[in-house]
$ cat my_file-v3.cif   # mmCIF, C-alpha atoms
data_run
loop_
_atom_site.label_atom_id
_atom_site.label_comp_id
_atom_site.auth_asym_id
_atom_site.auth_seq_id
_atom_site.Cartn_x
_atom_site.Cartn_y
_atom_site.Cartn_z
CA GLY A 1 -188.85 -94.24 93.01
CA GLU A 2 -191.28 -93.80 95.87
CA SER A 3 -190.83 -91.36 98.74
CA VAL A 4 -189.44 -94.03 101.03
CA GLY A 5 -188.15 -92.51 104.24
CA LEU A 6 -189.70 -89.12 103.51
CA HIS A 7 -192.34 -87.87 105.88
CA LEU A 8 -194.84 -85.15 105.15
CA PRO A 9 -194.06 -82.25 107.51
CA THR A 10 -197.09 -81.19 109.48
CA LEU A 11 -198.12 -77.93 111.07
CA SER A 12 -201.06 -77.37 113.40
CA VAL A 13 -202.27 -73.88 114.18
CA GLN A 14 -205.16 -72.39 116.08
CA GLU A 15 -207.82 -70.65 114.04
CA GLY A 16 -207.07 -66.95 113.85
CA ASP A 17 -203.32 -67.37 114.36
CA ASN A 18 -200.77 -66.73 111.64
CA SER A 19 -199.14 -69.70 109.87
CA ILE A 20 -195.67 -69.92 108.44
CA ILE A 21 -194.81 -72.72 106.06
CA ASN A 22 -191.18 -73.13 105.07
CA CYS A 23 -189.51 -74.56 102.00
CA ALA A 24 -185.85 -75.13 101.19
CA TYR A 25 -185.21 -75.20 97.47
CA SER A 26 -182.27 -76.89 95.85
CA ASN A 27 -181.16 -75.00 92.75
CA SER A 28 -179.49 -71.62 93.23
CA ALA A 29 -180.23 -70.83 89.56
CA SER A 30 -184.01 -71.05 90.10
CA ASP A 31 -185.56 -67.69 89.35
CA TYR A 32 -189.28 -68.30 89.67
CA PHE A 33 -191.19 -69.87 92.55
CA ILE A 34 -194.81 -70.83 93.13
CA TRP A 35 -196.79 -71.92 96.15
CA TYR A 36 -199.63 -74.37 95.57
CA LYS A 37 -202.44 -75.43 97.90
CA GLN A 38 -203.89 -78.92 97.69
CA GLU A 39 -207.15 -79.52 99.52
CA SER A 40 -208.26 -83.04 100.33
CA GLY A 41 -209.49 -84.89 97.24
CA LYS A 42 -208.44 -82.13 94.83
CA GLY A 43 -205.52 -81.20 92.65
CA PRO A 44 -202.96 -78.54 93.66
CA GLN A 45 -204.01 -74.95 93.02
CA PHE A 46 -201.88 -71.86 92.50
CA ILE A 47 -201.77 -69.50 95.48
CA ILE A 48 -198.99 -67.01 94.88
CA ASP A 49 -195.74 -66.70 92.98
CA ILE A 50 -192.52 -64.72 93.26
CA ARG A 51 -189.59 -64.05 90.96
CA SER A 52 -186.00 -63.95 92.09
CA ASN A 53 -185.72 -60.18 91.63
CA MET A 54 -188.07 -59.77 94.60
CA ASP A 55 -187.76 -60.86 98.22
CA LYS A 56 -191.37 -60.38 99.24
CA ARG A 57 -194.76 -60.54 97.58
CA GLN A 58 -198.16 -60.12 99.17
CA GLY A 59 -201.53 -61.43 98.19
CA GLN A 60 -204.82 -61.63 99.98
CA ARG A 61 -203.92 -62.92 103.49
CA VAL A 62 -200.80 -64.60 102.07
CA THR A 63 -197.22 -63.38 101.83
CA VAL A 64 -194.30 -65.15 100.24
CA LEU A 65 -190.75 -64.40 101.36
CA LEU A 66 -187.69 -65.38 99.36
CA ASN A 67 -184.18 -65.59 100.77
CA LYS A 68 -181.86 -66.45 97.90
CA THR A 69 -178.77 -66.46 100.10
CA VAL A 70 -179.92 -69.55 101.96
CA LYS A 71 -182.28 -70.84 99.24
CA HIS A 72 -185.33 -70.53 101.44
CA LEU A 73 -188.92 -69.74 100.67
CA SER A 74 -191.73 -69.20 103.14
CA LEU A 75 -195.47 -68.79 102.92
CA GLN A 76 -197.19 -66.77 105.59
CA ILE A 77 -200.93 -67.03 106.03
CA ALA A 78 -202.55 -64.36 108.17
CA ALA A 79 -205.53 -65.09 110.41
CA THR A 80 -205.60 -68.75 109.46
CA GLN A 81 -209.07 -70.18 108.83
CA PRO A 82 -210.35 -73.79 108.76
CA GLY A 83 -210.53 -73.54 104.97
CA ASP A 84 -206.77 -73.10 104.90
CA SER A 85 -206.32 -76.71 106.04
CA ALA A 86 -204.52 -78.39 103.14
CA VAL A 87 -201.16 -79.60 101.90
CA TYR A 88 -198.95 -76.77 100.65
CA PHE A 89 -196.25 -77.25 98.02
CA CYS A 90 -193.50 -74.95 96.92
CA ALA A 91 -192.20 -75.31 93.38
CA GLU A 92 -188.98 -73.89 91.91
CA ASN A 93 -188.22 -73.18 88.27
CA PRO A 94 -184.63 -73.09 87.02
CA PRO A 95 -184.37 -71.08 83.76
CA GLY A 96 -185.31 -73.09 80.68
CA ASN A 97 -186.47 -75.97 82.78
CA GLN A 98 -189.59 -77.48 84.30
CA PHE A 99 -190.91 -76.79 87.79
CA TYR A 100 -189.65 -78.98 90.61
CA PHE A 101 -192.03 -79.56 93.49
CA GLY A 102 -191.04 -79.82 97.15
CA THR A 103 -192.29 -82.55 99.45
CA GLY A 104 -195.24 -80.54 100.78
CA THR A 105 -196.39 -79.48 104.26
CA SER A 106 -199.70 -80.48 105.76
CA LEU A 107 -201.44 -77.60 107.56
CA THR A 108 -204.22 -78.36 110.04
CA VAL A 109 -206.25 -75.51 111.47
CA ILE A 110 -207.75 -76.19 114.88
CA PRO A 111 -211.11 -74.44 115.37
CA ASP B 1 -216.39 -75.03 82.59
CA THR B 2 -213.75 -77.36 84.02
CA ALA B 3 -210.29 -76.22 82.92
CA VAL B 4 -208.49 -79.57 83.27
CA SER B 5 -210.61 -82.69 83.45
CA GLN B 6 -209.66 -86.33 84.00
CA THR B 7 -211.58 -89.56 83.65
CA PRO B 8 -212.20 -91.70 85.51
CA LYS B 9 -212.00 -90.20 89.00
CA TYR B 10 -211.66 -93.62 90.59
CA LEU B 11 -210.22 -96.76 89.07
CA VAL B 12 -210.10 -100.10 90.86
CA THR B 13 -208.55 -102.98 88.99
CA GLN B 14 -206.61 -106.19 89.45
CA MET B 15 -202.92 -106.81 89.01
CA GLY B 16 -201.93 -107.60 85.47
CA ASN B 17 -204.71 -105.60 83.84
CA ASP B 18 -204.22 -102.74 81.38
CA LYS B 19 -205.97 -99.43 81.99
CA SER B 20 -206.09 -95.90 80.60
CA ILE B 21 -206.69 -92.49 82.15
CA LYS B 22 -207.82 -89.62 79.96
CA CYS B 23 -207.09 -85.92 80.35
CA GLU B 24 -208.41 -82.89 78.55
CA GLN B 25 -207.72 -79.18 79.00
CA ASN B 26 -209.75 -76.33 77.53
CA LEU B 27 -207.29 -73.56 78.45
CA GLY B 28 -205.51 -73.48 75.12
CA HIS B 29 -202.23 -74.44 76.80
CA ASP B 30 -199.31 -75.90 74.87
CA THR B 31 -197.86 -78.05 77.65
CA MET B 32 -199.43 -80.96 79.51
CA TYR B 33 -198.12 -83.21 82.29
CA TRP B 34 -198.75 -86.40 84.19
CA TYR B 35 -197.84 -86.60 87.89
CA LYS B 36 -198.02 -89.46 90.36
CA GLN B 37 -198.81 -88.71 93.99
CA ASP B 38 -198.17 -91.44 96.55
CA SER B 39 -199.74 -91.94 99.97
CA LYS B 40 -197.21 -89.55 101.53
CA LYS B 41 -198.38 -86.79 99.17
CA PHE B 42 -195.08 -86.75 97.32
CA LEU B 43 -195.76 -85.33 93.84
CA LYS B 44 -193.58 -86.87 91.16
CA ILE B 45 -193.55 -85.76 87.54
CA MET B 46 -193.79 -88.60 85.03
CA PHE B 47 -194.16 -87.05 81.59
CA SER B 48 -194.62 -83.74 79.86
CA TYR B 49 -195.75 -82.95 76.34
CA ASN B 50 -195.44 -79.69 74.47
CA ASN B 51 -197.53 -79.34 71.33
CA LYS B 52 -198.00 -83.11 71.20
CA GLU B 53 -194.28 -83.81 71.52
CA LEU B 54 -192.74 -85.59 74.51
CA ILE B 55 -190.34 -83.23 76.27
CA ILE B 56 -190.00 -84.75 79.73
CA ASN B 57 -189.77 -88.45 80.36
CA GLU B 58 -188.72 -89.15 83.93
CA THR B 59 -187.58 -92.56 85.12
CA VAL B 60 -190.87 -94.37 84.77
CA PRO B 61 -191.40 -98.07 83.94
CA ASN B 62 -192.08 -98.53 80.25
CA ARG B 63 -195.41 -100.08 81.23
CA PHE B 64 -196.55 -96.44 81.34
CA SER B 65 -197.14 -94.90 77.95
CA PRO B 66 -198.49 -91.40 77.39
CA LYS B 67 -200.28 -90.42 74.21
CA SER B 68 -201.17 -86.95 73.03
CA PRO B 69 -203.60 -87.09 70.10
CA ASP B 70 -203.78 -83.28 70.04
CA LYS B 71 -202.69 -80.30 72.09
CA ALA B 72 -205.73 -80.46 74.35
CA HIS B 73 -205.47 -84.12 75.30
CA LEU B 74 -202.91 -86.24 77.09
CA ASN B 75 -203.83 -89.80 77.95
CA LEU B 76 -201.95 -92.27 80.11
CA HIS B 77 -202.00 -95.96 79.37
CA ILE B 78 -200.67 -98.45 81.91
CA ASN B 79 -199.91 -102.05 81.02
CA SER B 80 -199.61 -105.01 83.39
CA LEU B 81 -200.67 -103.08 86.47
CA GLU B 82 -198.78 -103.75 89.70
CA LEU B 83 -199.67 -103.14 93.36
CA GLY B 84 -197.09 -100.34 93.50
CA ASP B 85 -198.94 -98.42 90.80
CA SER B 86 -201.68 -97.62 93.31
CA ALA B 87 -201.61 -93.84 93.71
CA VAL B 88 -203.40 -90.68 92.66
CA TYR B 89 -202.49 -89.57 89.14
CA PHE B 90 -202.79 -85.91 88.25
CA CYS B 91 -202.89 -84.34 84.85
CA ALA B 92 -201.85 -80.70 84.54
CA SER B 93 -201.39 -78.10 81.84
CA SER B 94 -199.54 -74.81 81.45
CA ARG B 95 -198.80 -72.23 78.75
CA ASP B 96 -195.22 -73.43 78.71
CA LEU B 97 -192.75 -75.15 81.07
CA ALA B 98 -192.01 -71.93 82.95
CA TYR B 99 -195.62 -71.02 83.68
CA GLU B 100 -197.96 -71.99 86.49
CA GLN B 101 -199.65 -75.33 86.11
CA TYR B 102 -203.35 -76.02 86.31
CA PHE B 103 -204.12 -79.42 87.78
CA GLY B 104 -206.99 -81.77 87.15
CA PRO B 105 -208.97 -83.33 90.02
CA GLY B 106 -206.89 -86.51 90.00
CA THR B 107 -207.59 -90.19 89.33
CA ARG B 108 -207.27 -92.52 92.30
CA LEU B 109 -205.97 -95.82 91.01
CA THR B 110 -206.20 -98.85 93.28
CA VAL B 111 -204.60 -102.09 92.15
CA THR B 112 -205.70 -105.21 94.05
#
$ encode --input "my_file-v3.cif" --output "structure tokens"
Amino acid sequence: GESVGLHLPTLSVQEGDNSIINCAYSNSASDYFIWYKQESGKGPQFIIDIRSNMDKRQGQRVTVLLNKTVKHLSLQIAATQPGDSAVYFCAENPPGNQFYFGTGTSLTVIP
Amino acid sequence: DTAVSQTPKYLVTQMGNDKSIKCEQNLGHDTMYWYKQDSKKFLKIMFSYNNKELIINETVPNRFSPKSPDKAHLNLHINSLELGDSAVYFCASSRDLAYEQYFGPGTRLTVT
């Protein structure tokens, strides 16, 4: 059904600060995770991924941290820029299954 | 070249009408998807096809019918449109279920 009762988490950060976006995933068997960025009026785009045999992966200005013990994923964005304003989704992939998307977090960067 | 394309980008129609949204991918992927995104940005999978075969069929009214004429195309036909069908519909593709998905630009459907 629809996302009745669910609210899109929001995060506001000052330009130049670091951002941390959190995600709790549901399936302890999930072994592959992806962060997507969705800018206004566009489809989600791949940012970074991580497999369950790692606990940290770095990209350009982005870092993903995985804590399998508490089923938690985070996306850190360094020196946040106005172009980082978007909705961010985490997605988990249990083996042999499709990806399941989280509810998303809206990031607003204040110039 | 656009990797995943959808037409139309905007669709405004009245309740009770039937409409179709088309999707094409030129990435050579085997798997294609339809998602519905509501006003709260919640992204819900509707269908998935792998090599023209339906592999995921979530709880969706049977007014929604996907059709995959070939591996590169996945169309969505909606019968008897209702107000609650208003949303943004995204097509996506991937090499397989366990690979990253590439999303189209979305089709904003408004039912009046």
$ closest_residue --input "my_file-v3.cif" --among "B:Met15, B:Ile21, B:Met32, B:Ile78" --to "Glu100 (chain B)" --atoms "only C-alpha atoms"
B:Met32
$ resolve_selection --input "my_file-v3.cif" --expression "the PyMOL selection byres ((chain A and resi 21) around 6)" --output "list in words"
Ile20, Asn22, Ser74 and Leu75 of chain A
$ residues_around --input "my_file-v3.cif" --residues "Pro8 (chain B)" --least-positions-apart "6" --cutoff "12 Å" --atoms "all atoms listed in the file" --output "ChimeraX atom specification"
/B:19-24,75-76,88-91,104-109
$ resolve_selection --input "my_file-v3.cif" --expression "the PyMOL selection byres ((chain A) within 12 of (chain B))" --output "ChimeraX atom specification"
/A:1-10,30-51,86-106
$ atom_distance --input "my_file-v3.cif" --atom1 "CA of Ser52 (chain A)" --atom2 "CA of Ser85 (chain A)"
27.8 Å
$ resolve_selection --input "my_file-v3.cif" --expression "the PyMOL selection byres ((chain A and resi 66) around 10)" --output "JSON list (two decimals) with C-alpha atoms, in the coordinates of the input"
[["chain", "number", "residue", "atom", "x", "y", "z"],
["A", 23, "CYS", "CA", -189.51, -74.56, 102.00],
["A", 33, "PHE", "CA", -191.19, -69.87, 92.55],
["A", 50, "ILE", "CA", -192.52, -64.72, 93.26],
["A", 51, "ARG", "CA", -189.59, -64.05, 90.96],
["A", 52, "SER", "CA", -186.00, -63.95, 92.09],
["A", 53, "ASN", "CA", -185.72, -60.18, 91.63],
["A", 54, "MET", "CA", -188.07, -59.77, 94.60],
["A", 55, "ASP", "CA", -187.76, -60.86, 98.22],
["A", 56, "LYS", "CA", -191.37, -60.38, 99.24],
["A", 57, "ARG", "CA", -194.76, -60.54, 97.58],
["A", 64, "VAL", "CA", -194.30, -65.15, 100.24],
["A", 65, "LEU", "CA", -190.75, -64.40, 101.36],
["A", 67, "ASN", "CA", -184.18, -65.59, 100.77],
["A", 68, "LYS", "CA", -181.86, -66.45, 97.90],
["A", 69, "THR", "CA", -178.77, -66.46, 100.10],
["A", 70, "VAL", "CA", -179.92, -69.55, 101.96],
["A", 71, "LYS", "CA", -182.28, -70.84, 99.24],
["A", 72, "HIS", "CA", -185.33, -70.53, 101.44],
["A", 73, "LEU", "CA", -188.92, -69.74, 100.67],
["A", 74, "SER", "CA", -191.73, -69.20, 103.14],
["A", 75, "LEU", "CA", -195.47, -68.79, 102.92]]
$ atom_distance --input "my_file-v3.cif" --atom1 "CA of Gln14 (chain B)" --atom2 "CA of Asn62 (chain B)"
18.8 Å
$ residues_around --input "my_file-v3.cif" --residues "Ser19 (chain A)" --least-positions-apart "6" --cutoff "8 Å" --atoms "only C-alpha atoms" --output "PyMOL selection string"
chain A and resi 13+75-80
$ atom_distance --input "my_file-v3.cif" --atom1 "CA of Gln60 (chain A)" --atom2 "CA of Ser26 (chain A)"
27.5 Å
$ residues_around --input "my_file-v3.cif" --residues "Lys52 (chain B)" --least-positions-apart "3" --cutoff "6 Å" --atoms "all atoms listed in the file" --output "list of chain:residue names"
B:Tyr49, B:Ser68, B:Asp70, B:Lys71
$ axis_aligned_box --input "my_file-v3.cif" --around "region 11-27 of chain B" --padding-each-side "3 Å" --output "lines of an AutoDock Vina configuration file"
center_x = -206.1
center_y = -90.6
center_z = 84.2
size_x = 14.3
size_y = 40.0
size_z = 19.3
